[in-house]
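S.K.: Just passing along the structure, written as structure tokens.
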2 protein chains.
Amino acid sequence: MTQSLVSSYALSVPPRTIMSPGPVEVDPRVLRAMSLPMLGQFDPAFTRIMNENMAMLRDVFQTKNHWAYPIDGTSRAGTEALLAALIEPGDKMLVPIFGRFGDLFVEIGERYGAEIHTMSCSWGTVFDQDEIISEIKKVHPKVVTLVHGETSTGRMQPLDKVGKACRELGVLLVVDAVATFCGVSIPTDAWCIDALIGGAQKCLSIPSGIVPITYNSRVEQQVLKRKKVERGIASDEDRRAAEGHVPIRSNYFDLGQLQDYWSERRLNHHTEATSMEYALHEGLHLVLEEGLENRFARHRVNAQALAAGIEAMGLELFGDPSCAMPTVTCVTVPENVDADEVRSVLLKHFGIEIAGSFGSLQGKIWRIGTMGYSCRQDHVLAVLTGLEAALIRCGASVNHGKGPQAAMDVYDQNS
Amino acid sequence: MTQSLVSSYALSVPPRTIMSPGPVEVDPRVLRAMSLPMLGQFDPAFTRIMNENMAMLRDVFQTKNHWAYPIDGTSRAGTEALLAALIEPGDKMLVPIFGRFGDLFVEIGERYGAEIHTMSCSWGTVFDQDEIISEIKKVHPKVVTLVHGETSTGRMQPLDKVGKACRELGVLLVVDAVATFCGVSIPTDAWCIDALIGGAQKCLSIPSGIVPITYNSRVEQQVLKRKKVERGIASDEDRRAAEGHVPIRSNYFDLGQLQDYWSERRLNHHTEATSMEYALHEGLHLVLEEGLENRFARHRVNAQALAAGIEAMGLELFGDPSCAMPTVTCVTVPENVDADEVRSVLLKHFGIEIAGSFGSLQGKIWRIGTMGYSCRQDHVLAVLTGLEAALIRCGASVNHGKGPQAAMDVYDQNS
């Protein structure tokens, strides 16, 4: 038996002020929930927690959908599960792209054989909904996918008209709300969204590793058409029911099997992630205790204070302000400043984390999150004071001391 | 805005003695690790934890493979990730089946377009390795998949010869060791296993939701042939390198992208599950502190004591004893006893959980786990005394008081 056993490490987690677009900090109540002992997956005490999570998710998703439950995986697991169910090879999919996570829809759709049509607008803006609607009429897709809050550019796409048009035209609308879920109002039913992907480590403010989704009966119909109970546990009746079906291409993301697991049948598919389910429960509980409207207002005020502070420092906000997300603020990196050096100084000396961006925006903008438990006055002021000091350290010129004062003005006006 | 806010629940987790084949109980040190605060995914303090997890996994997998890292998902996410990388439509896959998790390989392989050849033996036994080897020579598959510990039947398949034969024949061997990993010695390299799937909520004894895998350069070659960096973050060089490739069918399970995330390039794919990564770290630390040989011996002794107690009670062990797993003990349900009623009494009155089984064994056997933190003398004695009382409560006849005595004899002989 080969066995080196050379490496055994003590776990070291230094304290941080996390002002990135996630993973953000987590309320101590959620951390405490995660340290609770295990329960068996079919223990009535655990299936009750699962059912309560479904009920709370429905409230937070603002939906009457029966199906509202988490997938055990990171955010894109939710996106892949929905596209795996909806896309069969050759199905048309329209993807309006205004940042990296539009591209992700293309990435995943392609893998499942979609015939993909894209439309683009420049990063830092969003689409006029009428443009999207007229493209839908031209392309006649089966599915339209849209990002609600595009975290890579800090922009938020209005959705109130697109969903209604999709419903009239018999098109399915799938929305990635990973970066806005629990931070901005997304009335799933009122906006006629057929399937929505929420987030965990962003405004819901629990650790990454689980992703809440919801979908309506239009999506469920597609799922049931492809349903297949797993061999090894299928009854004869299950086998008969699946005859002639084209099953979903992924077993892990088979929403038909997940529905059987999340229904009273409790048909084993996987072993639900126990501690993540606890975290989800406590996180949703906190959201509902705060109240959705209060929570959305908190995100608005903190983003407003942060933006005011950034501008008062003499920095420029990136992107079209009319569609700015209230959960991620994008700041243009001044000329002759090394974006990563500033971030390193902030982390090293202040223990404060902010983020860069992707693709064509890499090194061009900083992204500062105001999400969930990290979305608070003390953190906004800490990032403004820290950023000022880091910029000076890196040789940039800023308006000294103006940032925090401008932010405090906003808080005073809103208190 | 529609908003009902009717449901907001306090999290309730009653104490349990979990003697199922998982999720099992978790060491308080792991629970404490899970309550540590968040770190950003590219924070050097976090990437150090990721690297330490890779190093500890190599030791625990008994391998010199570079690639040893977790997938963010439940156990079958590891299986699907490996098959997604290795199987292209039409590739031949040989699946010897001796329980439900052999069937799972078929399920997943089919979805990725494999031409599947199966061989079966009756549930409760395993294969003679020579039989498998001669089938490999007949079928000439690209991939052979084997379950090491078949938790549905409590049997363990010897693997020391199959792997070597696969290597000689140019065939890739993928092994599901979910239910034995960290409970039984699996010398990955010495047995010539090309890819191995470990488990979390079983003998490693951390919560479900993350799955460690390892694979060697033979598998990596297949991965690199299909590698494609995601649009939105790909460089021109990345795009050129991917030309003409047939990408892996799943984005979430794209091992090429996961390698870039788990390498120094740290190319963003998903947001690694922070708290699960902490749990993995502390869990692996505990395994290495105990020492692999000590840990395997602990699993052997507890299973032996449990089996002795079960037989002394007058119950029958299920299956061929020569290939019994030392981590799951299967007990034949006596005639005229309702298997589920006994389990309910055990849970309701004693707070003790044991499991049933699947498919043709449903209602026919109980499965009692001795895994990880649940694998200890006090728990074995608790399940024996509790089971005796529950059986009497359900009208069955047992040898009163014999079970715990027989178990204690085994512990005394081994102390």
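Residues in the structure tokens are named by chain (A, B, ... in the order shown) and by number from 1 within that chain; ligands are numbered from 1 in the order shown.
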Residues of chain B within 6 Å of chain A, using only C-alpha atoms, as a PDB file with C-alpha atoms, in the first residue's frame?
M.R.:
```
ATOM      1  CA  THR B   2     -47.591  39.836  -5.404  1.00  0.00           C
ATOM      2  CA  GLN B   3     -46.158  38.860  -2.056  1.00  0.00           C
ATOM      3  CA  LEU B   5     -44.999  36.122   3.026  1.00  0.00           C
ATOM      4  CA  SER B   7     -44.424  31.147   5.511  1.00  0.00           C
ATOM      5  CA  SER B   8     -41.405  31.691   7.666  1.00  0.00           C
ATOM      6  CA  PRO B  23     -25.565  10.836   5.194  1.00  0.00           C
ATOM      7  CA  GLU B  25     -22.985  11.897  11.430  1.00  0.00           C
ATOM      8  CA  LEU B  31     -19.433  21.166  11.827  1.00  0.00           C
ATOM      9  CA  ARG B  32     -17.339  23.924  13.388  1.00  0.00           C
ATOM     10  CA  MET B  34     -18.620  24.821   8.294  1.00  0.00           C
ATOM     11  CA  SER B  35     -19.531  27.747  10.507  1.00  0.00           C
ATOM     12  CA  MET B  38     -16.724  33.289   3.847  1.00  0.00           C
ATOM     13  CA  GLY B  40     -13.619  35.178  -1.842  1.00  0.00           C
ATOM     14  CA  MET B  56      -4.685  15.754   1.050  1.00  0.00           C
ATOM     15  CA  ASP B  59      -2.802  11.033   0.012  1.00  0.00           C
ATOM     16  CA  GLN B  62      -3.250   6.767  -2.470  1.00  0.00           C
ATOM     17  CA  ASP B  72     -19.560  20.751  -6.467  1.00  0.00           C
ATOM     18  CA  GLY B  73     -22.483  18.378  -6.417  1.00  0.00           C
ATOM     19  CA  ARG B 100     -28.326  -0.388  -8.148  1.00  0.00           C
ATOM     20  CA  ASP B 103     -27.421   0.452 -13.116  1.00  0.00           C
ATOM     21  CA  ILE B 108     -25.498   8.020 -17.193  1.00  0.00           C
ATOM     22  CA  ARG B 111     -27.386   9.769 -21.755  1.00  0.00           C
ATOM     23  CA  SER B 208     -23.355  15.612   1.141  1.00  0.00           C
ATOM     24  CA  GLY B 209     -22.925  18.175  -1.642  1.00  0.00           C
ATOM     25  CA  GLY B 232     -16.822  35.465 -22.612  1.00  0.00           C
ATOM     26  CA  ILE B 233     -13.473  34.628 -21.016  1.00  0.00           C
ATOM     27  CA  ARG B 249     -21.567  17.793 -23.688  1.00  0.00           C
ATOM     28  CA  ASN B 251     -20.719  22.773 -19.328  1.00  0.00           C
ATOM     29  CA  ALA B 273     -18.716  25.996  -2.666  1.00  0.00           C
ATOM     30  CA  HIS B 285      -7.462  16.461   7.984  1.00  0.00           C
ATOM     31  CA  GLY B 359     -35.495  -2.269  -6.369  1.00  0.00           C
TER      32      GLY B 359
END
```
S.K.: How would chain B read as a short mmCIF file (atom, residue, chain, number, x, y, z; two decimals) with C-alpha atoms, in the first residue's frame once least-squares superposed on chain A using all paired C-alpha atoms?
M.R.:
```cif
data_model
loop_
_atom_site.label_atom_id
_atom_site.label_comp_id
_atom_site.auth_asym_id
_atom_site.auth_seq_id
_atom_site.Cartn_x
_atom_site.Cartn_y
_atom_site.Cartn_z
CA MET B 1 -0.04 0.02 -0.01
CA THR B 2 1.45 3.35 -1.06
CA GLN B 3 0.75 6.02 1.51
CA SER B 4 2.70 9.20 1.96
CA LEU B 5 0.60 11.08 4.52
CA VAL B 6 2.94 14.01 4.15
CA SER B 7 0.27 16.64 4.10
CA SER B 8 -2.14 17.50 6.84
CA TYR B 9 -3.07 21.12 7.26
CA ALA B 10 -4.85 23.24 9.85
CA LEU B 11 -7.75 25.19 8.34
CA SER B 12 -7.03 28.92 8.32
CA VAL B 13 -9.77 31.44 7.48
CA PRO B 14 -8.70 35.07 8.01
CA PRO B 15 -11.39 37.73 8.62
CA ARG B 16 -12.49 39.64 5.53
CA THR B 17 -14.79 42.47 4.53
CA ILE B 18 -16.21 41.07 1.30
CA MET B 19 -17.52 43.67 -1.14
CA SER B 20 -17.27 41.57 -4.30
CA PRO B 21 -20.32 40.40 -6.25
CA GLY B 22 -20.10 37.13 -4.32
CA PRO B 23 -19.46 34.96 -2.47
CA VAL B 24 -20.41 37.66 0.03
CA GLU B 25 -20.49 37.48 3.79
CA VAL B 26 -23.03 35.31 5.52
CA ASP B 27 -25.19 36.20 8.51
CA PRO B 28 -23.94 34.47 11.69
CA ARG B 29 -27.37 32.85 11.97
CA VAL B 30 -26.74 31.07 8.65
CA LEU B 31 -23.24 30.03 9.76
CA ARG B 32 -24.74 28.63 12.96
CA ALA B 33 -27.37 26.73 10.96
CA MET B 34 -24.59 25.13 8.94
CA SER B 35 -23.01 23.74 12.08
CA LEU B 36 -26.15 21.78 13.04
CA PRO B 37 -25.81 17.98 13.01
CA MET B 38 -26.88 15.73 10.13
CA LEU B 39 -30.32 14.28 9.43
CA GLY B 40 -31.07 11.35 7.14
CA GLN B 41 -32.41 12.41 3.75
CA PHE B 42 -35.76 10.65 4.31
CA ASP B 43 -36.02 11.53 7.99
CA PRO B 44 -39.39 13.32 8.41
CA ALA B 45 -37.52 16.11 10.19
CA PHE B 46 -35.44 16.62 7.04
CA THR B 47 -38.21 16.29 4.45
CA ARG B 48 -40.09 18.91 6.48
CA ILE B 49 -37.12 21.26 6.03
CA MET B 50 -37.18 20.51 2.29
CA ASN B 51 -40.90 21.29 2.11
CA GLU B 52 -40.49 24.48 4.13
CA ASN B 53 -37.72 25.56 1.76
CA MET B 54 -40.07 25.06 -1.18
CA ALA B 55 -42.76 27.14 0.53
CA MET B 56 -40.37 29.95 1.41
CA LEU B 57 -38.87 29.91 -2.08
CA ARG B 58 -42.33 30.40 -3.59
CA ASP B 59 -42.74 33.55 -1.47
CA VAL B 60 -39.32 34.88 -2.33
CA PHE B 61 -39.75 34.10 -6.04
CA GLN B 62 -43.15 35.86 -5.84
CA THR B 63 -44.78 32.93 -7.58
CA LYS B 64 -47.62 30.48 -7.29
CA ASN B 65 -45.56 27.86 -9.18
CA HIS B 66 -45.56 24.47 -7.49
CA TRP B 67 -41.94 23.86 -8.47
CA ALA B 68 -39.55 25.98 -6.50
CA TYR B 69 -36.60 24.03 -5.10
CA PRO B 70 -32.82 24.07 -5.14
CA ILE B 71 -30.38 22.14 -7.32
CA ASP B 72 -27.28 20.83 -5.53
CA GLY B 73 -24.59 22.69 -7.39
CA THR B 74 -23.40 26.22 -8.08
CA SER B 75 -25.49 28.80 -9.92
CA ARG B 76 -24.83 27.55 -13.42
CA ALA B 77 -26.13 24.13 -12.36
CA GLY B 78 -29.58 25.77 -12.29
CA THR B 79 -29.12 27.17 -15.77
CA GLU B 80 -27.90 23.86 -17.16
CA ALA B 81 -30.74 21.92 -15.49
CA LEU B 82 -33.35 24.15 -17.12
CA LEU B 83 -31.77 24.17 -20.57
CA ALA B 84 -31.20 20.40 -20.41
CA ALA B 85 -34.94 19.99 -19.86
CA LEU B 86 -36.09 22.49 -22.47
CA ILE B 87 -33.64 22.04 -25.32
CA GLU B 88 -33.65 19.07 -27.66
CA PRO B 89 -31.19 19.06 -30.57
CA GLY B 90 -32.28 21.55 -33.20
CA ASP B 91 -34.56 23.60 -30.94
CA LYS B 92 -34.24 27.31 -31.57
CA MET B 93 -32.99 29.46 -28.75
CA LEU B 94 -32.72 33.26 -28.82
CA VAL B 95 -30.03 34.76 -26.60
CA PRO B 96 -29.76 38.53 -26.23
CA ILE B 97 -26.24 39.13 -24.88
CA PHE B 98 -25.10 42.16 -22.92
CA GLY B 99 -22.30 40.59 -20.86
CA ARG B 100 -20.53 37.38 -19.93
CA PHE B 101 -23.54 35.57 -18.56
CA GLY B 102 -25.41 35.96 -21.82
CA ASP B 103 -22.48 34.13 -23.37
CA LEU B 104 -22.93 31.41 -20.75
CA PHE B 105 -26.45 30.73 -22.03
CA VAL B 106 -24.93 30.20 -25.49
CA GLU B 107 -22.24 27.90 -24.05
CA ILE B 108 -24.77 25.69 -22.34
CA GLY B 109 -27.41 25.79 -25.07
CA GLU B 110 -24.83 24.73 -27.67
CA ARG B 111 -23.86 21.70 -25.61
CA TYR B 112 -27.47 20.54 -25.62
CA GLY B 113 -27.76 20.98 -29.37
CA ALA B 114 -29.75 24.22 -29.62
CA GLU B 115 -29.86 26.20 -32.85
CA ILE B 116 -28.75 29.47 -31.31
CA HIS B 117 -29.61 32.97 -32.44
CA THR B 118 -27.90 35.80 -30.62
CA MET B 119 -28.31 39.53 -30.50
CA SER B 120 -25.85 41.85 -28.80
CA CYS B 121 -25.59 45.30 -27.39
CA SER B 122 -22.45 46.92 -26.09
CA TRP B 123 -21.30 45.92 -22.60
CA GLY B 124 -22.51 48.61 -20.18
CA THR B 125 -25.98 48.94 -21.69
CA VAL B 126 -29.07 46.73 -21.96
CA PHE B 127 -31.69 46.08 -24.65
CA ASP B 128 -34.81 48.01 -25.44
CA GLN B 129 -37.45 45.33 -24.81
CA ASP B 130 -39.17 46.09 -28.12
CA GLU B 131 -35.98 45.16 -29.96
CA ILE B 132 -35.99 41.77 -28.28
CA ILE B 133 -39.68 41.28 -28.99
CA SER B 134 -39.27 42.04 -32.68
CA GLU B 135 -36.35 39.61 -32.86
CA ILE B 136 -38.51 36.94 -31.20
CA LYS B 137 -41.13 37.49 -33.90
CA LYS B 138 -38.48 37.09 -36.57
CA VAL B 139 -36.70 34.02 -35.16
CA HIS B 140 -39.67 32.13 -33.63
CA PRO B 141 -37.51 30.44 -31.01
CA LYS B 142 -38.70 27.76 -28.61
CA VAL B 143 -36.82 29.43 -25.77
CA VAL B 144 -35.62 32.97 -25.06
CA THR B 145 -32.97 33.29 -22.36
CA LEU B 146 -32.21 36.55 -20.61
CA VAL B 147 -29.93 37.64 -17.83
CA HIS B 148 -31.71 39.93 -15.39
CA GLY B 149 -28.71 41.35 -13.54
CA GLU B 150 -25.54 41.02 -15.64
CA THR B 151 -22.92 40.96 -12.90
CA SER B 152 -20.05 41.29 -15.40
CA THR B 153 -21.19 44.79 -16.42
CA GLY B 154 -23.43 45.79 -13.52
CA ARG B 155 -26.49 46.29 -15.76
CA MET B 156 -30.07 45.22 -15.21
CA GLN B 157 -32.34 44.28 -18.10
CA PRO B 158 -36.01 45.37 -17.81
CA LEU B 159 -38.22 42.31 -18.24
CA ASP B 160 -41.80 43.42 -17.63
CA LYS B 161 -42.73 43.48 -21.33
CA VAL B 162 -40.62 40.66 -22.76
CA GLY B 163 -42.25 37.97 -20.63
CA LYS B 164 -45.75 39.00 -21.65
CA ALA B 165 -44.78 39.00 -25.31
CA CYS B 166 -43.24 35.53 -24.95
CA ARG B 167 -46.45 34.25 -23.39
CA GLU B 168 -48.52 35.63 -26.27
CA LEU B 169 -46.14 34.21 -28.84
CA GLY B 170 -45.94 30.75 -27.26
CA VAL B 171 -42.26 31.12 -26.43
CA LEU B 172 -40.64 30.03 -23.16
CA LEU B 173 -38.70 32.65 -21.20
CA VAL B 174 -35.79 31.54 -19.01
CA VAL B 175 -34.22 34.19 -16.78
CA ASP B 176 -30.87 34.16 -14.98
CA ALA B 177 -31.50 36.21 -11.84
CA VAL B 178 -28.45 34.88 -9.98
CA ALA B 179 -27.09 38.33 -9.15
CA THR B 180 -30.38 40.07 -8.31
CA PHE B 181 -32.43 37.37 -6.55
CA CYS B 182 -33.30 38.61 -3.04
CA GLY B 183 -31.78 42.03 -3.75
CA VAL B 184 -34.19 43.39 -6.37
CA SER B 185 -37.89 42.68 -6.89
CA ILE B 186 -38.48 39.99 -9.54
CA PRO B 187 -42.21 39.23 -9.68
CA THR B 188 -41.87 35.92 -11.51
CA ASP B 189 -45.57 35.44 -12.23
CA ALA B 190 -46.45 39.07 -12.93
CA TRP B 191 -43.59 39.30 -15.42
CA CYS B 192 -44.61 36.00 -17.06
CA ILE B 193 -41.22 34.39 -16.51
CA ASP B 194 -41.48 30.66 -17.21
CA ALA B 195 -38.29 29.59 -15.45
CA LEU B 196 -36.04 31.55 -13.16
CA ILE B 197 -32.60 30.80 -11.72
CA GLY B 198 -31.85 32.42 -8.36
CA GLY B 199 -28.52 32.76 -6.61
CA ALA B 200 -27.09 31.73 -3.27
CA GLN B 201 -23.79 33.47 -2.52
CA LYS B 202 -25.05 36.83 -3.75
CA CYS B 203 -28.10 38.69 -2.35
CA LEU B 204 -29.57 35.63 -0.61
CA SER B 205 -26.23 35.64 1.16
CA ILE B 206 -25.67 31.97 1.91
CA PRO B 207 -22.58 30.02 0.81
CA SER B 208 -22.21 28.93 -2.82
CA GLY B 209 -23.09 25.32 -3.67
CA ILE B 210 -26.87 25.31 -4.00
CA VAL B 211 -29.08 27.13 -6.50
CA PRO B 212 -32.81 27.78 -6.14
CA ILE B 213 -34.91 27.58 -9.29
CA THR B 214 -38.60 27.90 -10.07
CA TYR B 215 -40.63 27.02 -13.13
CA ASN B 216 -44.26 26.89 -14.12
CA SER B 217 -46.52 24.25 -15.65
CA ARG B 218 -45.46 25.23 -19.20
CA VAL B 219 -41.94 24.12 -18.34
CA GLU B 220 -43.18 21.14 -16.35
CA GLN B 221 -45.01 19.86 -19.43
CA GLN B 222 -41.69 19.75 -21.29
CA VAL B 223 -40.09 17.95 -18.36
CA LEU B 224 -42.82 15.33 -18.13
CA LYS B 225 -42.59 14.61 -21.86
CA ARG B 226 -39.01 13.47 -21.25
CA LYS B 227 -39.43 11.83 -17.87
CA LYS B 228 -37.72 8.53 -17.18
CA VAL B 229 -37.43 6.89 -13.76
CA GLU B 230 -33.99 5.47 -13.17
CA ARG B 231 -33.37 1.79 -13.82
CA GLY B 232 -32.63 0.07 -10.52
CA ILE B 233 -35.58 1.82 -8.89
CA ALA B 234 -38.17 2.04 -11.70
CA SER B 235 -41.45 0.13 -11.37
CA ASP B 236 -43.04 -1.61 -14.39
CA GLU B 237 -45.48 1.28 -14.56
CA ASP B 238 -42.59 3.78 -14.66
CA ARG B 239 -40.99 1.86 -17.52
CA ARG B 240 -44.23 1.79 -19.51
CA ALA B 241 -44.75 5.51 -18.96
CA ALA B 242 -41.30 6.32 -20.34
CA GLU B 243 -41.64 4.31 -23.55
CA GLY B 244 -40.86 6.33 -26.66
CA HIS B 245 -39.61 9.33 -24.67
CA VAL B 246 -36.36 11.08 -25.49
CA PRO B 247 -34.88 11.41 -22.00
CA ILE B 248 -33.10 14.50 -20.79
CA ARG B 249 -29.42 14.23 -21.70
CA SER B 250 -28.10 14.64 -18.19
CA ASN B 251 -28.93 12.33 -15.32
CA TYR B 252 -27.72 14.73 -12.65
CA PHE B 253 -29.84 17.55 -14.06
CA ASP B 254 -32.90 15.44 -14.94
CA LEU B 255 -35.69 17.65 -13.61
CA GLY B 256 -38.19 14.80 -13.95
CA GLN B 257 -36.17 12.75 -11.47
CA LEU B 258 -35.64 15.78 -9.27
CA GLN B 259 -39.40 16.36 -9.21
CA ASP B 260 -39.93 12.79 -7.99
CA TYR B 261 -37.36 13.42 -5.27
CA TRP B 262 -38.94 16.74 -4.25
CA SER B 263 -42.49 15.37 -4.32
CA GLU B 264 -44.25 13.14 -1.82
CA ARG B 265 -42.98 10.12 -3.76
CA ARG B 266 -39.47 10.98 -2.48
CA LEU B 267 -37.91 8.74 -5.09
CA ASN B 268 -34.19 8.66 -4.42
CA HIS B 269 -32.09 10.49 -7.00
CA HIS B 270 -29.18 11.88 -5.04
CA THR B 271 -28.54 12.59 -1.36
CA GLU B 272 -29.68 16.15 -0.80
CA ALA B 273 -26.90 18.40 0.52
CA THR B 274 -27.91 18.46 4.19
CA SER B 275 -26.01 21.47 5.51
CA MET B 276 -26.61 23.55 2.39
CA GLU B 277 -30.32 22.84 2.86
CA TYR B 278 -30.02 24.18 6.41
CA ALA B 279 -28.25 27.28 5.12
CA LEU B 280 -30.94 27.82 2.51
CA HIS B 281 -33.61 27.49 5.18
CA GLU B 282 -32.03 30.02 7.50
CA GLY B 283 -31.18 32.36 4.63
CA LEU B 284 -34.75 32.37 3.32
CA HIS B 285 -36.05 32.79 6.86
CA LEU B 286 -33.90 35.91 7.23
CA VAL B 287 -35.15 37.32 3.92
CA LEU B 288 -38.78 36.84 4.92
CA GLU B 289 -38.21 38.25 8.41
CA GLU B 290 -36.68 41.38 6.91
CA GLY B 291 -39.47 41.57 4.35
CA LEU B 292 -38.88 41.69 0.62
CA GLU B 293 -39.64 45.41 0.24
CA ASN B 294 -37.35 46.36 3.13
CA ARG B 295 -34.61 44.20 1.72
CA PHE B 296 -34.89 45.70 -1.76
CA ALA B 297 -34.87 49.22 -0.25
CA ARG B 298 -31.74 48.38 1.74
CA HIS B 299 -29.98 47.30 -1.45
CA ARG B 300 -31.07 50.48 -3.25
CA VAL B 301 -29.88 52.84 -0.50
CA ASN B 302 -26.50 51.18 -0.05
CA ALA B 303 -25.82 51.14 -3.78
CA GLN B 304 -26.84 54.80 -3.98
CA ALA B 305 -24.52 55.73 -1.10
CA LEU B 306 -21.67 53.76 -2.65
CA ALA B 307 -22.17 55.39 -6.05
CA ALA B 308 -22.29 58.86 -4.48
CA GLY B 309 -19.09 58.16 -2.58
CA ILE B 310 -17.30 56.84 -5.67
CA GLU B 311 -18.21 59.92 -7.69
CA ALA B 312 -17.30 62.28 -4.86
CA MET B 313 -13.84 60.68 -4.81
CA GLY B 314 -13.49 61.76 -8.42
CA LEU B 315 -13.86 58.29 -9.90
CA GLU B 316 -16.18 57.47 -12.76
CA LEU B 317 -19.00 54.96 -12.64
CA PHE B 318 -19.00 52.55 -15.58
CA GLY B 319 -22.00 52.02 -17.83
CA ASP B 320 -25.41 53.48 -18.52
CA PRO B 321 -26.73 54.75 -15.17
CA SER B 322 -30.37 54.25 -16.18
CA CYS B 323 -29.94 50.48 -16.00
CA ALA B 324 -27.44 50.20 -13.16
CA MET B 325 -27.89 47.20 -10.85
CA PRO B 326 -28.42 48.12 -7.20
CA THR B 327 -26.33 45.12 -6.17
CA VAL B 328 -23.09 45.58 -8.17
CA THR B 329 -21.48 48.96 -8.77
CA CYS B 330 -18.97 49.19 -11.59
CA VAL B 331 -16.16 51.71 -11.37
CA THR B 332 -13.91 52.70 -14.26
CA VAL B 333 -10.25 52.16 -13.42
CA PRO B 334 -8.47 55.53 -13.84
CA GLU B 335 -5.81 55.74 -16.53
CA ASN B 336 -2.32 54.67 -15.49
CA VAL B 337 -3.67 52.75 -12.52
CA ASP B 338 -3.11 49.00 -12.24
CA ALA B 339 -6.53 47.60 -11.35
CA ASP B 340 -5.17 44.44 -9.74
CA GLU B 341 -2.55 46.28 -7.70
CA VAL B 342 -5.24 48.41 -6.08
CA ARG B 343 -7.27 45.31 -5.28
CA SER B 344 -4.21 43.64 -3.77
CA VAL B 345 -3.46 46.61 -1.53
CA LEU B 346 -7.09 46.68 -0.40
CA LEU B 347 -7.02 42.99 0.46
CA LYS B 348 -3.56 42.93 2.00
CA HIS B 349 -3.80 46.03 4.18
CA PHE B 350 -7.53 46.37 4.83
CA GLY B 351 -8.78 42.81 4.42
CA ILE B 352 -11.34 44.22 1.96
CA GLU B 353 -12.22 42.35 -1.21
CA ILE B 354 -13.59 43.95 -4.38
CA ALA B 355 -13.62 42.30 -7.82
CA GLY B 356 -12.35 42.86 -11.35
CA SER B 357 -14.34 41.78 -14.40
CA PHE B 358 -14.14 39.46 -17.38
CA GLY B 359 -13.29 39.45 -21.07
CA SER B 360 -13.06 42.90 -22.65
CA LEU B 361 -13.67 44.58 -19.28
CA GLN B 362 -10.80 42.81 -17.52
CA GLY B 363 -8.51 45.41 -15.95
CA LYS B 364 -10.87 48.19 -17.11
CA ILE B 365 -13.40 48.22 -14.27
CA TRP B 366 -13.72 47.28 -10.64
CA ARG B 367 -16.93 45.70 -9.45
CA ILE B 368 -18.06 46.43 -5.92
CA GLY B 369 -20.89 44.34 -4.57
CA THR B 370 -23.53 45.48 -2.11
CA MET B 371 -25.26 42.19 -1.59
CA GLY B 372 -27.04 40.44 1.24
CA TYR B 373 -25.25 40.52 4.59
CA SER B 374 -22.38 42.52 3.04
CA CYS B 375 -24.84 45.22 1.95
CA ARG B 376 -24.59 47.58 4.91
CA GLN B 377 -23.47 51.06 5.82
CA ASP B 378 -20.32 50.11 7.76
CA HIS B 379 -19.09 48.05 4.82
CA VAL B 380 -19.84 50.74 2.23
CA LEU B 381 -17.92 53.27 4.29
CA ALA B 382 -15.07 50.81 4.82
CA VAL B 383 -14.70 50.18 1.10
CA LEU B 384 -14.77 53.91 0.32
CA THR B 385 -12.10 54.79 2.89
CA GLY B 386 -10.03 51.75 2.01
CA LEU B 387 -10.24 52.36 -1.73
CA GLU B 388 -9.15 55.97 -1.30
CA ALA B 389 -6.10 54.87 0.69
CA ALA B 390 -5.27 52.11 -1.76
CA LEU B 391 -5.51 54.48 -4.72
CA ILE B 392 -3.19 56.96 -3.05
CA ARG B 393 -0.82 54.08 -2.24
CA CYS B 394 -0.80 53.17 -5.93
CA GLY B 395 -0.05 56.73 -7.01
CA ALA B 396 -3.49 57.81 -8.20
CA SER B 397 -5.02 61.16 -7.41
CA VAL B 398 -8.38 61.30 -5.63
CA ASN B 399 -10.48 63.90 -3.85
CA HIS B 400 -9.32 63.31 -0.29
CA GLY B 401 -11.99 62.50 2.28
CA LYS B 402 -14.95 63.31 0.02
CA GLY B 403 -16.18 59.76 -0.59
CA PRO B 404 -17.36 58.82 2.90
CA GLN B 405 -18.96 62.25 3.41
CA ALA B 406 -21.05 61.91 0.25
CA ALA B 407 -22.10 58.41 1.28
CA MET B 408 -23.05 59.55 4.78
CA ASP B 409 -25.18 62.27 3.21
CA VAL B 410 -27.16 59.62 1.36
CA TYR B 411 -27.62 57.57 4.53
CA ASP B 412 -28.76 60.67 6.46
CA GLN B 413 -31.29 61.52 3.75
CA ASN B 414 -32.68 57.99 3.95
CA SER B 415 -32.71 57.50 7.71
#
```
S.K.: Identify, with DSSP run on backbone atoms, the residues in segment 112-207 of chain B assigned to strand (DSSP E), and express the list as a PyMOL selection string.
M.R.: chain B and resi 115-120+143-147+149-150+155-156+172-176+195-197
S.K.: DSSP on the backbone: which residues in segment 6-97 of chain A end up as helix (DSSP H, G or I)? Give the answer as a ChimeraX atom specification.
M.R.: /A:28-34,44-60,75-86
